[in-house]
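Data block for final-v7.pdb (PDB, C-alpha atoms):
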ATOM      1  CA  MET A  32     -43.420  26.666  27.381
ATOM      2  CA  ILE A  33     -45.441  27.612  24.327
ATOM      3  CA  ASP A  34     -47.709  24.805  23.105
ATOM      4  CA  VAL A  35     -46.789  22.704  26.145
ATOM      5  CA  THR A  36     -47.843  24.172  29.504
ATOM      6  CA  ASP A  37     -51.459  24.902  28.666
ATOM      7  CA  PRO A  38     -54.108  24.457  31.393
ATOM      8  CA  CYS A  39     -54.734  20.821  30.420
ATOM      9  CA  PHE A  40     -51.066  19.949  30.904
ATOM     10  CA  LEU A  41     -50.933  21.839  34.200
ATOM     11  CA  ARG A  42     -53.959  19.880  35.430
ATOM     12  CA  LEU A  43     -52.181  16.636  34.503
ATOM     13  CA  LEU A  44     -49.121  17.714  36.461
ATOM     14  CA  ARG A  45     -51.245  18.559  39.478
ATOM     15  CA  LEU A  46     -52.839  15.087  39.317
ATOM     16  CA  ILE A  47     -49.379  13.515  39.218
ATOM     17  CA  SER A  48     -48.155  15.695  42.083
ATOM     18  CA  PRO A  49     -51.129  16.864  44.209
ATOM     19  CA  PHE A  50     -49.083  17.949  47.235
ATOM     20  CA  GLY A  51     -48.340  21.545  46.234
ATOM     21  CA  HIS A  52     -44.580  21.105  46.300
ATOM     22  CA  HIS A  53     -44.012  22.571  42.846
ATOM     23  CA  GLN A  54     -44.792  25.807  41.049
ATOM     24  CA  LEU A  55     -46.394  25.208  37.660
ATOM     25  CA  TRP A  56     -45.815  27.770  34.913
ATOM     26  CA  THR A  57     -48.229  28.842  32.216
ATOM     27  CA  GLU A  58     -47.346  29.617  28.634
ATOM     28  CA  MET A  59     -46.145  33.183  28.118
ATOM     29  CA  ILE A  60     -48.898  35.762  27.585
ATOM     30  CA  HIS A  61     -48.063  39.156  26.144
ATOM     31  CA  ALA A  62     -49.028  41.962  28.507
ATOM     32  CA  ASN A  63     -50.783  43.855  25.748
ATOM     33  CA  ALA A  64     -53.329  41.039  25.612
ATOM     34  CA  PHE A  65     -54.702  42.795  28.709
ATOM     35  CA  SER A  66     -54.150  46.453  27.829
ATOM     36  CA  ARG A  67     -55.211  46.196  24.192
ATOM     37  CA  GLY A  68     -56.926  42.841  23.818
ATOM     38  CA  GLN A  69     -58.858  43.052  27.113
ATOM     39  CA  ILE A  70     -58.366  39.303  27.512
ATOM     40  CA  HIS A  71     -59.319  39.508  31.206
ATOM     41  CA  LEU A  72     -62.873  40.357  30.091
ATOM     42  CA  ASP A  73     -63.034  37.234  27.916
ATOM     43  CA  ARG A  74     -62.753  34.423  30.440
ATOM     44  CA  PRO A  75     -63.147  31.567  27.915
ATOM     45  CA  LYS A  76     -60.218  32.972  25.932
ATOM     46  CA  LEU A  77     -58.059  33.600  29.007
ATOM     47  CA  ALA A  78     -58.868  30.081  30.226
ATOM     48  CA  GLN A  79     -56.925  28.789  27.219
ATOM     49  CA  ASN A  80     -53.764  30.101  28.922
ATOM     50  CA  VAL A  81     -54.539  30.157  32.642
ATOM     51  CA  PRO A  82     -56.354  27.399  34.587
ATOM     52  CA  LEU A  83     -59.002  29.759  35.939
ATOM     53  CA  ARG A  84     -61.252  27.067  37.436
ATOM     54  CA  GLU A  85     -58.467  25.819  39.691
ATOM     55  CA  LEU A  86     -56.904  29.112  40.735
ATOM     56  CA  GLN A  87     -58.525  29.175  44.164
ATOM     57  CA  ASP A  88     -57.366  25.617  44.829
ATOM     58  CA  PHE A  89     -53.732  26.033  43.847
ATOM     59  CA  SER A  90     -53.153  29.713  43.116
ATOM     60  CA  GLN A  91     -49.908  29.746  45.121
ATOM     61  CA  GLY A  92     -48.539  27.060  42.820
ATOM     62  CA  ILE A  93     -49.338  28.751  39.512
ATOM     63  CA  VAL A  94     -46.888  31.174  37.885
ATOM     64  CA  VAL A  95     -48.240  33.233  34.996
ATOM     65  CA  GLN A  96     -45.448  34.358  32.712
ATOM     66  CA  ILE A  97     -45.855  37.544  30.731
ATOM     67  CA  GLY A  98     -43.875  39.210  27.991
ATOM     68  CA  ALA A  99     -43.760  43.000  28.102
ATOM     69  CA  SER A 100     -41.880  45.982  26.723
ATOM     70  CA  SER A 101     -44.048  48.660  28.347
ATOM     71  CA  PRO A 102     -44.316  49.373  32.091
ATOM     72  CA  SER A 103     -47.960  50.420  31.710
ATOM     73  CA  ASP A 104     -48.864  47.195  29.872
ATOM     74  CA  ALA A 105     -47.079  45.130  32.521
ATOM     75  CA  HIS A 106     -48.799  47.038  35.332
ATOM     76  CA  MET A 107     -52.237  46.351  33.894
ATOM     77  CA  ALA A 108     -51.467  42.676  33.289
ATOM     78  CA  VAL A 109     -50.329  42.132  36.886
ATOM     79  CA  ASN A 110     -53.260  44.107  38.245
ATOM     80  CA  GLU A 111     -55.842  42.108  36.304
ATOM     81  CA  LEU A 112     -54.169  38.778  37.021
ATOM     82  CA  GLY A 113     -54.158  39.685  40.707
ATOM     83  CA  ARG A 114     -57.891  40.380  40.552
ATOM     84  CA  LEU A 115     -58.374  36.874  39.165
ATOM     85  CA  GLY A 116     -56.447  35.315  42.036
ATOM     86  CA  VAL A 117     -53.011  34.801  40.490
ATOM     87  CA  ARG A 118     -50.299  35.110  43.135
ATOM     88  CA  HIS A 119     -47.088  34.953  41.082
ATOM     89  CA  VAL A 120     -46.299  36.737  37.806
ATOM     90  CA  ASN A 121     -42.998  36.303  35.971
ATOM     91  CA  LEU A 122     -41.449  38.601  33.360
ATOM     92  CA  ASN A 123     -39.821  36.774  30.441
ATOM     93  CA  CYS A 124     -36.358  38.174  29.696
ATOM     94  CA  GLY A 125     -34.976  34.941  28.299
ATOM     95  CA  CYS A 126     -36.756  34.023  25.055
ATOM     96  CA  PRO A 127     -34.441  34.679  22.070
ATOM     97  CA  SER A 128     -36.870  33.989  19.198
ATOM     98  CA  ARG A 129     -36.898  36.398  16.260
ATOM     99  CA  ASN A 130     -40.615  37.168  16.636
ATOM    100  CA  VAL A 131     -40.165  37.988  20.309
ATOM    101  CA  GLN A 132     -37.196  40.237  19.553
ATOM    102  CA  MET A 133     -39.281  42.129  16.991
ATOM    103  CA  GLY A 134     -41.748  42.860  19.797
ATOM    104  CA  SER A 135     -38.913  44.223  21.978
ATOM    105  CA  PHE A 136     -39.401  41.718  24.778
ATOM    106  CA  GLY A 137     -37.802  38.470  25.891
ATOM    107  CA  ALA A 138     -34.011  38.049  25.953
ATOM    108  CA  VAL A 139     -33.327  41.207  23.956
ATOM    109  CA  LEU A 140     -34.492  43.212  26.991
ATOM    110  CA  MET A 141     -31.326  42.161  28.810
ATOM    111  CA  LYS A 142     -29.501  44.670  26.612
ATOM    112  CA  THR A 143     -31.464  47.480  28.268
ATOM    113  CA  PRO A 144     -31.596  46.694  31.998
ATOM    114  CA  GLU A 145     -33.002  50.140  32.761
ATOM    115  CA  ALA A 146     -36.086  49.274  30.695
ATOM    116  CA  VAL A 147     -36.474  46.003  32.621
ATOM    117  CA  ARG A 148     -36.072  47.950  35.879
ATOM    118  CA  ASP A 149     -38.992  50.191  34.963
ATOM    119  CA  ILE A 150     -41.185  47.287  33.854
ATOM    120  CA  VAL A 151     -40.468  45.340  37.032
ATOM    121  CA  ALA A 152     -41.078  48.386  39.221
ATOM    122  CA  ALA A 153     -44.478  48.788  37.558
ATOM    123  CA  MET A 154     -45.244  45.112  38.189
ATOM    124  CA  VAL A 155     -44.305  45.454  41.860
ATOM    125  CA  ASP A 156     -46.513  48.544  42.164
ATOM    126  CA  ALA A 157     -49.457  46.627  40.682
ATOM    127  CA  ALA A 158     -48.870  43.765  43.109
ATOM    128  CA  ALA A 159     -48.586  46.019  46.157
ATOM    129  CA  ASP A 160     -52.240  45.658  47.163
ATOM    130  CA  ARG A 161     -52.270  41.883  46.725
ATOM    131  CA  ASP A 162     -51.324  39.830  49.768
ATOM    132  CA  ALA A 163     -48.265  37.661  49.125
ATOM    133  CA  MET A 164     -48.209  38.320  45.378
ATOM    134  CA  GLN A 165     -44.776  37.526  43.958
ATOM    135  CA  ILE A 166     -42.931  39.107  41.038
ATOM    136  CA  SER A 167     -39.999  37.405  39.336
ATOM    137  CA  VAL A 168     -37.761  37.753  36.283
ATOM    138  CA  LYS A 169     -36.603  34.860  34.116
ATOM    139  CA  CYS A 170     -33.433  35.694  32.216
ATOM    140  CA  ARG A 171     -30.253  34.286  30.710
ATOM    141  CA  ILE A 172     -26.754  34.574  32.180
ATOM    142  CA  GLY A 173     -25.509  36.434  29.112
ATOM    143  CA  ILE A 174     -26.337  37.701  25.638
ATOM    144  CA  ASP A 175     -24.350  36.946  22.466
ATOM    145  CA  GLU A 176     -20.609  37.366  23.118
ATOM    146  CA  ASP A 177     -21.033  38.724  26.649
ATOM    147  CA  GLU A 178     -21.307  36.107  29.380
ATOM    148  CA  SER A 179     -19.175  37.992  31.843
ATOM    149  CA  PRO A 180     -20.112  38.171  35.521
ATOM    150  CA  GLU A 181     -20.127  41.956  35.156
ATOM    151  CA  PHE A 182     -22.886  41.805  32.537
ATOM    152  CA  LEU A 183     -25.218  39.693  34.684
ATOM    153  CA  ARG A 184     -24.309  41.560  37.855
ATOM    154  CA  ARG A 185     -25.161  44.898  36.264
ATOM    155  CA  PHE A 186     -28.448  43.549  34.933
ATOM    156  CA  ILE A 187     -29.585  42.220  38.309
ATOM    157  CA  ASP A 188     -28.316  45.248  40.231
ATOM    158  CA  THR A 189     -30.111  47.633  37.879
ATOM    159  CA  VAL A 190     -33.405  45.718  37.997
ATOM    160  CA  ILE A 191     -33.565  45.534  41.785
ATOM    161  CA  ALA A 192     -32.677  49.218  42.105
ATOM    162  CA  GLY A 193     -36.381  49.842  41.520
ATOM    163  CA  GLY A 194     -36.414  52.736  39.086
ATOM    164  CA  GLN A 195     -37.877  55.845  40.737
ATOM    165  CA  ARG A 196     -38.872  53.955  43.871
ATOM    166  CA  PRO A 197     -37.182  55.144  47.091
ATOM    167  CA  SER A 198     -36.160  51.652  48.188
ATOM    168  CA  SER A 199     -34.498  48.665  46.603
ATOM    169  CA  LEU A 200     -36.514  45.727  45.295
ATOM    170  CA  GLU A 201     -33.825  43.195  46.176
ATOM    171  CA  SER A 202     -36.054  41.279  48.591
ATOM    172  CA  ARG A 203     -39.256  41.722  46.574
ATOM    173  CA  VAL A 204     -38.156  40.445  43.162
ATOM    174  CA  SER A 205     -36.701  37.000  42.516
ATOM    175  CA  PHE A 206     -34.754  35.726  39.509
ATOM    176  CA  VAL A 207     -34.862  32.504  37.534
ATOM    177  CA  LEU A 208     -31.493  32.148  35.819
ATOM    178  CA  HIS A 209     -31.316  30.033  32.684
ATOM    179  CA  THR A 210     -27.645  29.123  32.959
ATOM    180  CA  ARG A 211     -26.912  29.467  29.242
ATOM    181  CA  ARG A 212     -26.274  32.656  27.315
ATOM    182  CA  ALA A 213     -28.750  33.504  24.538
ATOM    183  CA  TRP A 214     -27.612  34.071  20.978
ATOM    184  CA  LEU A 215     -29.975  36.568  19.404
ATOM    185  CA  SER A 216     -29.011  35.554  15.872
ATOM    186  CA  GLY A 217     -27.637  32.388  14.325
ATOM    187  CA  LEU A 218     -29.442  29.924  16.593
ATOM    188  CA  SER A 219     -33.084  28.879  16.753
ATOM    189  CA  PRO A 220     -34.939  28.967  20.101
ATOM    190  CA  GLU A 221     -34.537  25.177  20.351
ATOM    191  CA  GLN A 222     -30.805  25.408  19.650
ATOM    192  CA  ASN A 223     -30.529  28.188  22.230
ATOM    193  CA  ARG A 224     -31.729  25.652  24.808
ATOM    194  CA  THR A 225     -28.981  23.143  23.964
ATOM    195  CA  VAL A 226     -26.015  24.638  22.089
ATOM    196  CA  PRO A 227     -24.682  27.320  24.490
ATOM    197  CA  LYS A 228     -22.720  25.740  27.307
ATOM    198  CA  LEU A 229     -24.236  25.541  30.763
ATOM    199  CA  ASN A 230     -22.587  27.663  33.432
ATOM    200  CA  TYR A 231     -24.137  26.902  36.801
ATOM    201  CA  GLY A 232     -21.212  28.553  38.534
ATOM    202  CA  ARG A 233     -22.343  31.962  37.252
ATOM    203  CA  ALA A 234     -25.714  31.499  38.952
ATOM    204  CA  TYR A 235     -24.056  30.469  42.196
ATOM    205  CA  GLU A 236     -21.933  33.628  42.062
ATOM    206  CA  MET A 237     -25.078  35.754  41.907
ATOM    207  CA  VAL A 238     -26.588  33.885  44.868
ATOM    208  CA  LYS A 239     -23.578  34.909  46.936
ATOM    209  CA  GLU A 240     -23.393  38.481  45.632
ATOM    210  CA  PHE A 241     -27.086  39.247  46.218
ATOM    211  CA  PRO A 242     -27.895  37.477  49.512
ATOM    212  CA  ARG A 243     -31.260  39.224  49.998
ATOM    213  CA  THR A 244     -32.540  38.178  46.567
ATOM    214  CA  SER A 245     -33.970  34.736  45.751
ATOM    215  CA  PHE A 246     -32.460  32.821  42.820
ATOM    216  CA  VAL A 247     -33.753  29.751  40.994
ATOM    217  CA  VAL A 248     -31.410  27.756  38.744
ATOM    218  CA  ASN A 249     -32.612  26.508  35.344
ATOM    219  CA  GLY A 250     -31.105  24.650  32.412
ATOM    220  CA  GLY A 251     -30.271  21.024  31.624
ATOM    221  CA  ILE A 252     -31.485  19.656  34.963
ATOM    222  CA  SER A 253     -32.927  16.166  34.502
ATOM    223  CA  THR A 254     -32.131  13.956  37.507
ATOM    224  CA  VAL A 255     -33.129  13.858  41.164
ATOM    225  CA  GLU A 256     -29.451  14.031  42.078
ATOM    226  CA  ALA A 257     -28.959  17.196  40.050
ATOM    227  CA  VAL A 258     -32.000  18.834  41.634
ATOM    228  CA  SER A 259     -30.692  18.000  45.093
ATOM    229  CA  ARG A 260     -27.235  19.327  44.244
ATOM    230  CA  HIS A 261     -28.554  22.655  42.943
ATOM    231  CA  LEU A 262     -30.895  23.093  45.898
ATOM    232  CA  ALA A 263     -27.808  23.072  48.114
ATOM    233  CA  GLU A 264     -26.503  26.127  46.230
ATOM    234  CA  ALA A 265     -29.609  28.125  45.256
ATOM    235  CA  ASP A 266     -33.113  28.895  46.507
ATOM    236  CA  GLY A 267     -34.891  26.752  43.943
ATOM    237  CA  VAL A 268     -34.647  24.715  40.759
ATOM    238  CA  MET A 269     -36.657  24.999  37.547
ATOM    239  CA  VAL A 270     -37.108  21.853  35.463
ATOM    240  CA  GLY A 271     -38.555  22.362  31.981
ATOM    241  CA  ARG A 272     -37.873  19.962  29.115
ATOM    242  CA  LYS A 273     -37.502  16.985  31.458
ATOM    243  CA  ILE A 274     -41.097  17.488  32.637
ATOM    244  CA  ARG A 275     -42.292  17.919  29.055
ATOM    245  CA  GLU A 276     -40.722  14.579  28.154
ATOM    246  CA  ASP A 277     -41.465  12.759  31.427
ATOM    247  CA  PRO A 278     -44.240  14.336  33.543
ATOM    248  CA  TRP A 279     -43.895  11.534  36.104
ATOM    249  CA  PHE A 280     -40.536  13.015  37.099
ATOM    250  CA  LEU A 281     -42.548  15.257  39.436
ATOM    251  CA  ALA A 282     -43.599  12.181  41.382
ATOM    252  CA  GLU A 283     -39.947  11.132  41.667
ATOM    253  CA  LEU A 284     -39.104  14.549  43.102
ATOM    254  CA  ASP A 285     -41.960  14.221  45.588
ATOM    255  CA  ARG A 286     -40.549  10.886  46.789
ATOM    256  CA  HIS A 287     -36.878  11.801  46.971
ATOM    257  CA  ILE A 288     -36.697  15.556  47.638
ATOM    258  CA  TYR A 289     -39.707  16.255  49.860
TER     259      TYR A 289
END
Whole structure, structure tokens version:
Amino acid sequence: MIDVTDPCFLRLLRLISPFGHHQLWTEMIHANAFSRGQIHLDRPKLAQNVPLRELQDFSQGIVVQIGASSPSDAHMAVNELGRLGVRHVNLNCGCPSRNVQMGSFGAVLMKTPEAVRDIVAAMVDAAADRDAMQISVKCRIGIDEDESPEFLRRFIDTVIAGGQRPSSLESRVSFVLHTRRAWLSGLSPEQNRTVPKLNYGRAYEMVKEFPRTSFVVNGGISTVEAVSRHLAEADGVMVGRKIREDPWFLAELDRHIY
């Protein structure tokens, strides 16, 4: 979350929950910060987004989220993050803000699944030489008027097809499904996180239809009971605003879930 999950906040969360049960996500970084801005050569600047000092201690628990519209930019970002010790990079295909849309990344990418396929394939290629490096996609369950199962099914199926690669990426790429559609006009980013109705059932359908692919459910989850319920249906649960408002909720999850 922009202006929330900076390295200082991630360090606080790790102090609250030091057991390594949870993946902690950075703020989104645009991939061209690496290809054009050469941010990986400016460690003090990169350290404003990624907790570099702690990477060796909890690299498996840190997810660096990137925004990208170019396969080459995404490839370089993953490659350089891998050199630094990052072991999980996520592609943002869920942010509906106007500024993000103007950059041709975020939720608007769901309208062109073939473009996402090529970006993700480039990310997987860049991660190929890194042991246990994970690639994931965070997306919505629909865009504007289309929240049909066919829309989401086609998006996922296209992305895991792997572009020009000879084999499918279904077991190499995971998905975090924000279980609300995104309205690309008419709603602010904050309203897009509350106004569209939640549809957990759509996420569960994808879990069943793509059994070799890992799915994490996200959206409106704020109790231990809800986390437990979703874990019975999906491979993982993402909790966002609840942690922003109550960081000690991680400790509750440690006590009751693990």
- Selection result of the PyMOL selection byres ((chain A and resi 254) around 10) on this file, as a PyMOL selection string: chain A and resi 251-253+255-260+270+273+280+283-284
- Message: Env of Asp104 of chain A: 8 Å cut, atoms = all atoms listed in the file, seq-sep filter 4 positions within chain, self excluded. Answer as a VMD selection string.
- Response: chain A and resid 62 to 63 65 to 66 99 to 100 108
To verify the selection step, state as a CSV table (one decimal) with C-alpha atoms, keeping the file's coordinate frame which residues the PyMOL selection byres ((chain A and resi 244) around 8) yields on this input.
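File part34.csv, as written:
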chain,number,residue,atom,x,y,z
A,201,GLU,CA,-33.8,43.2,46.2
A,202,SER,CA,-36.1,41.3,48.6
A,203,ARG,CA,-39.3,41.7,46.6
A,204,VAL,CA,-38.2,40.4,43.2
A,205,SER,CA,-36.7,37.0,42.5
A,206,PHE,CA,-34.8,35.7,39.5
A,238,VAL,CA,-26.6,33.9,44.9
A,241,PHE,CA,-27.1,39.2,46.2
A,242,PRO,CA,-27.9,37.5,49.5
A,243,ARG,CA,-31.3,39.2,50.0
A,245,SER,CA,-34.0,34.7,45.8
A,246,PHE,CA,-32.5,32.8,42.8
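Between atom CA of Gly232 of chain A and atom CA of Thr210 of chain A lies a distance of 8.5 Å.
Considering the residues A:Asp34, A:Glu145, A:Glu178, A:Asp188 and counting all atoms listed in the file, Leu229 of chain A has its shortest atom-to-atom contact with A:Glu178.
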- Message: Just checking: using all atoms listed in the file, which residue out of A:Arg161, A:Arg224, A:His53, A:Arg42 ends up closest to Val117 of chain A?
- Response: A:Arg161
- Query: If I put a ball of radius 10 Å at (-34.2, 44.8, 38.8) in the file's coordinates, which residues poke into it when counting all atoms listed in the file, written as a ChimeraX atom specification?
  - Reply: /A:144-152,167-168,185-194,199-201,203-206
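Going from atom CA of Asn130 of chain A to atom CA of Val95 of chain A covers 20.3 Å.
For the choices A:Asp177, A:Glu111, A:Glu85, A:Glu264, the atom-to-atom distance to Val247 of chain A is smallest for A:Glu264 when using only C-alpha atoms.
Atom CA of Gly271 of chain A sits 12.6 Å away from atom CA of Leu41 of chain A.
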- Query: Once the PyMOL selection byres ((chain A and resi 64) around 12) has been applied to the shown file, what residues remain in the selection, as a PyMOL selection string?
  - Reply: chain A and resi 59-63+65-73+76-77+80+97-99+104-105+107-109+111-112
- Query: At most 12 Å from (-33.6, 26.0, 23.9), file frame, only C-alpha atoms: which residues, as a ChimeraX atom specification?
  - Reply: /A:32-33,125-128,171,209-214,218-229,249-251,271-272
- Task: Considering all atoms listed in the file, return as a PyMOL selection string whatever protein or nucleic-acid residues lie within 7 Å of Gln165 of chain A, sequence-local ones (same chain, fewer than 2 positions apart) excluded.
- Result: chain A and resi 118-120+163+167
3 Å per side around segment 201-220 of chain A: axis-aligned box centre and edge lengths, as lines of an AutoDock Vina configuration file:
center_x = -32.8
center_y = 36.0
center_z = 31.5
size_x = 19.0
size_y = 20.3
size_z = 40.3
- Taking into account all atoms listed in the file, which residue in the set A:Ile93, A:His106, A:Val139, A:Leu83 is nearest to Ala158 of chain A? A:His106
- For Thr36 of chain A: contacts at 9 Å, only C-alpha atoms, fewer than 5 positions along chain excluded, given as a ChimeraX atom specification: /A:41,55-58,80,275
Got a minute to add N, CA and C atoms to segment 57-89 of chain A and dump it as an mmCIF file, keeping the file's coordinate frame?
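Dumped everything to selection-v1.cif:
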data_model
loop_
_atom_site.group_PDB
_atom_site.id
_atom_site.type_symbol
_atom_site.label_atom_id
_atom_site.label_comp_id
_atom_site.auth_asym_id
_atom_site.auth_seq_id
_atom_site.Cartn_x
_atom_site.Cartn_y
_atom_site.Cartn_z
ATOM 1 N N THR A 57 -47.401 28.771 33.408
ATOM 2 C CA THR A 57 -48.229 28.842 32.216
ATOM 3 C C THR A 57 -47.364 29.139 30.995
ATOM 4 N N GLU A 58 -47.972 29.075 29.826
ATOM 5 C CA GLU A 58 -47.346 29.617 28.634
ATOM 6 C C GLU A 58 -47.229 31.134 28.784
ATOM 7 N N MET A 59 -46.293 31.735 28.052
ATOM 8 C CA MET A 59 -46.145 33.183 28.118
ATOM 9 C C MET A 59 -47.334 33.880 27.455
ATOM 10 N N ILE A 60 -47.829 34.918 28.120
ATOM 11 C CA ILE A 60 -48.898 35.762 27.585
ATOM 12 C C ILE A 60 -48.332 37.168 27.425
ATOM 13 N N HIS A 61 -48.544 37.785 26.292
ATOM 14 C CA HIS A 61 -48.063 39.156 26.144
ATOM 15 C C HIS A 61 -48.942 40.094 26.963
ATOM 16 N N ALA A 62 -48.295 41.033 27.637
ATOM 17 C CA ALA A 62 -49.028 41.962 28.507
ATOM 18 C C ALA A 62 -50.056 42.783 27.749
ATOM 19 N N ASN A 63 -49.799 43.048 26.472
ATOM 20 C CA ASN A 63 -50.783 43.855 25.748
ATOM 21 C C ASN A 63 -52.054 43.089 25.417
ATOM 22 N N ALA A 64 -52.068 41.782 25.718
ATOM 23 C CA ALA A 64 -53.329 41.039 25.612
ATOM 24 C C ALA A 64 -54.337 41.567 26.626
ATOM 25 N N PHE A 65 -53.830 42.184 27.701
ATOM 26 C CA PHE A 65 -54.702 42.795 28.709
ATOM 27 C C PHE A 65 -54.996 44.246 28.364
ATOM 28 N N SER A 66 -53.958 45.018 28.051
ATOM 29 C CA SER A 66 -54.150 46.453 27.829
ATOM 30 C C SER A 66 -54.858 46.756 26.514
ATOM 31 N N ARG A 67 -54.596 45.956 25.492
ATOM 32 C CA ARG A 67 -55.211 46.196 24.192
ATOM 33 C C ARG A 67 -56.289 45.159 23.863
ATOM 34 N N GLY A 68 -55.985 43.901 24.168
ATOM 35 C CA GLY A 68 -56.926 42.841 23.818
ATOM 36 C C GLY A 68 -58.022 42.604 24.837
ATOM 37 N N GLN A 69 -57.845 43.199 26.051
ATOM 38 C CA GLN A 69 -58.858 43.052 27.113
ATOM 39 C C GLN A 69 -59.193 41.575 27.371
ATOM 40 N N ILE A 70 -58.149 40.736 27.369
ATOM 41 C CA ILE A 70 -58.366 39.303 27.512
ATOM 42 C C ILE A 70 -58.986 38.953 28.865
ATOM 43 N N HIS A 71 -58.769 39.782 29.880
ATOM 44 C CA HIS A 71 -59.319 39.508 31.206
ATOM 45 C C HIS A 71 -60.848 39.616 31.218
ATOM 46 N N LEU A 72 -61.416 40.259 30.199
ATOM 47 C CA LEU A 72 -62.873 40.357 30.091
ATOM 48 C C LEU A 72 -63.468 39.210 29.286
ATOM 49 N N ASP A 73 -62.607 38.383 28.720
ATOM 50 C CA ASP A 73 -63.034 37.234 27.916
ATOM 51 C C ASP A 73 -62.523 35.971 28.587
ATOM 52 N N ARG A 74 -63.233 35.540 29.621
ATOM 53 C CA ARG A 74 -62.753 34.423 30.440
ATOM 54 C C ARG A 74 -62.541 33.142 29.645
ATOM 55 N N PRO A 75 -63.425 32.782 28.704
ATOM 56 C CA PRO A 75 -63.147 31.567 27.915
ATOM 57 C C PRO A 75 -61.814 31.646 27.164
ATOM 58 N N LYS A 76 -61.483 32.818 26.647
ATOM 59 C CA LYS A 76 -60.218 32.972 25.932
ATOM 60 C C LYS A 76 -59.039 32.921 26.891
ATOM 61 N N LEU A 77 -59.142 33.620 28.030
ATOM 62 C CA LEU A 77 -58.059 33.600 29.007
ATOM 63 C C LEU A 77 -57.855 32.204 29.571
ATOM 64 N N ALA A 78 -58.947 31.447 29.686
ATOM 65 C CA ALA A 78 -58.868 30.081 30.226
ATOM 66 C C ALA A 78 -58.077 29.149 29.321
ATOM 67 N N GLN A 79 -57.787 29.573 28.095
ATOM 68 C CA GLN A 79 -56.925 28.789 27.219
ATOM 69 C C GLN A 79 -55.458 28.888 27.640
ATOM 70 N N ASN A 80 -55.134 29.892 28.455
ATOM 71 C CA ASN A 80 -53.764 30.101 28.922
ATOM 72 C C ASN A 80 -53.590 29.897 30.416
ATOM 73 N N VAL A 81 -54.623 30.213 31.180
ATOM 74 C CA VAL A 81 -54.539 30.157 32.642
ATOM 75 C C VAL A 81 -55.644 29.252 33.164
ATOM 76 N N PRO A 82 -55.329 28.299 34.050
ATOM 77 C CA PRO A 82 -56.354 27.399 34.587
ATOM 78 C C PRO A 82 -57.266 28.108 35.594
ATOM 79 N N LEU A 83 -58.181 28.897 35.090
ATOM 80 C CA LEU A 83 -59.002 29.759 35.939
ATOM 81 C C LEU A 83 -59.835 28.972 36.949
ATOM 82 N N ARG A 84 -60.365 27.827 36.536
ATOM 83 C CA ARG A 84 -61.252 27.067 37.436
ATOM 84 C C ARG A 84 -60.523 26.601 38.692
ATOM 85 N N GLU A 85 -59.216 26.369 38.568
ATOM 86 C CA GLU A 85 -58.467 25.819 39.691
ATOM 87 C C GLU A 85 -57.678 26.855 40.477
ATOM 88 N N LEU A 86 -57.762 28.106 40.099
ATOM 89 C CA LEU A 86 -56.904 29.112 40.735
ATOM 90 C C LEU A 86 -57.074 29.167 42.247
ATOM 91 N N GLN A 87 -58.306 29.086 42.720
ATOM 92 C CA GLN A 87 -58.525 29.175 44.164
ATOM 93 C C GLN A 87 -57.938 27.973 44.882
ATOM 94 N N ASP A 88 -57.875 26.826 44.195
ATOM 95 C CA ASP A 88 -57.366 25.617 44.829
ATOM 96 C C ASP A 88 -55.841 25.582 44.870
ATOM 97 N N PHE A 89 -55.192 26.050 43.803
ATOM 98 C CA PHE A 89 -53.732 26.033 43.847
ATOM 99 C C PHE A 89 -53.110 27.281 43.247
#
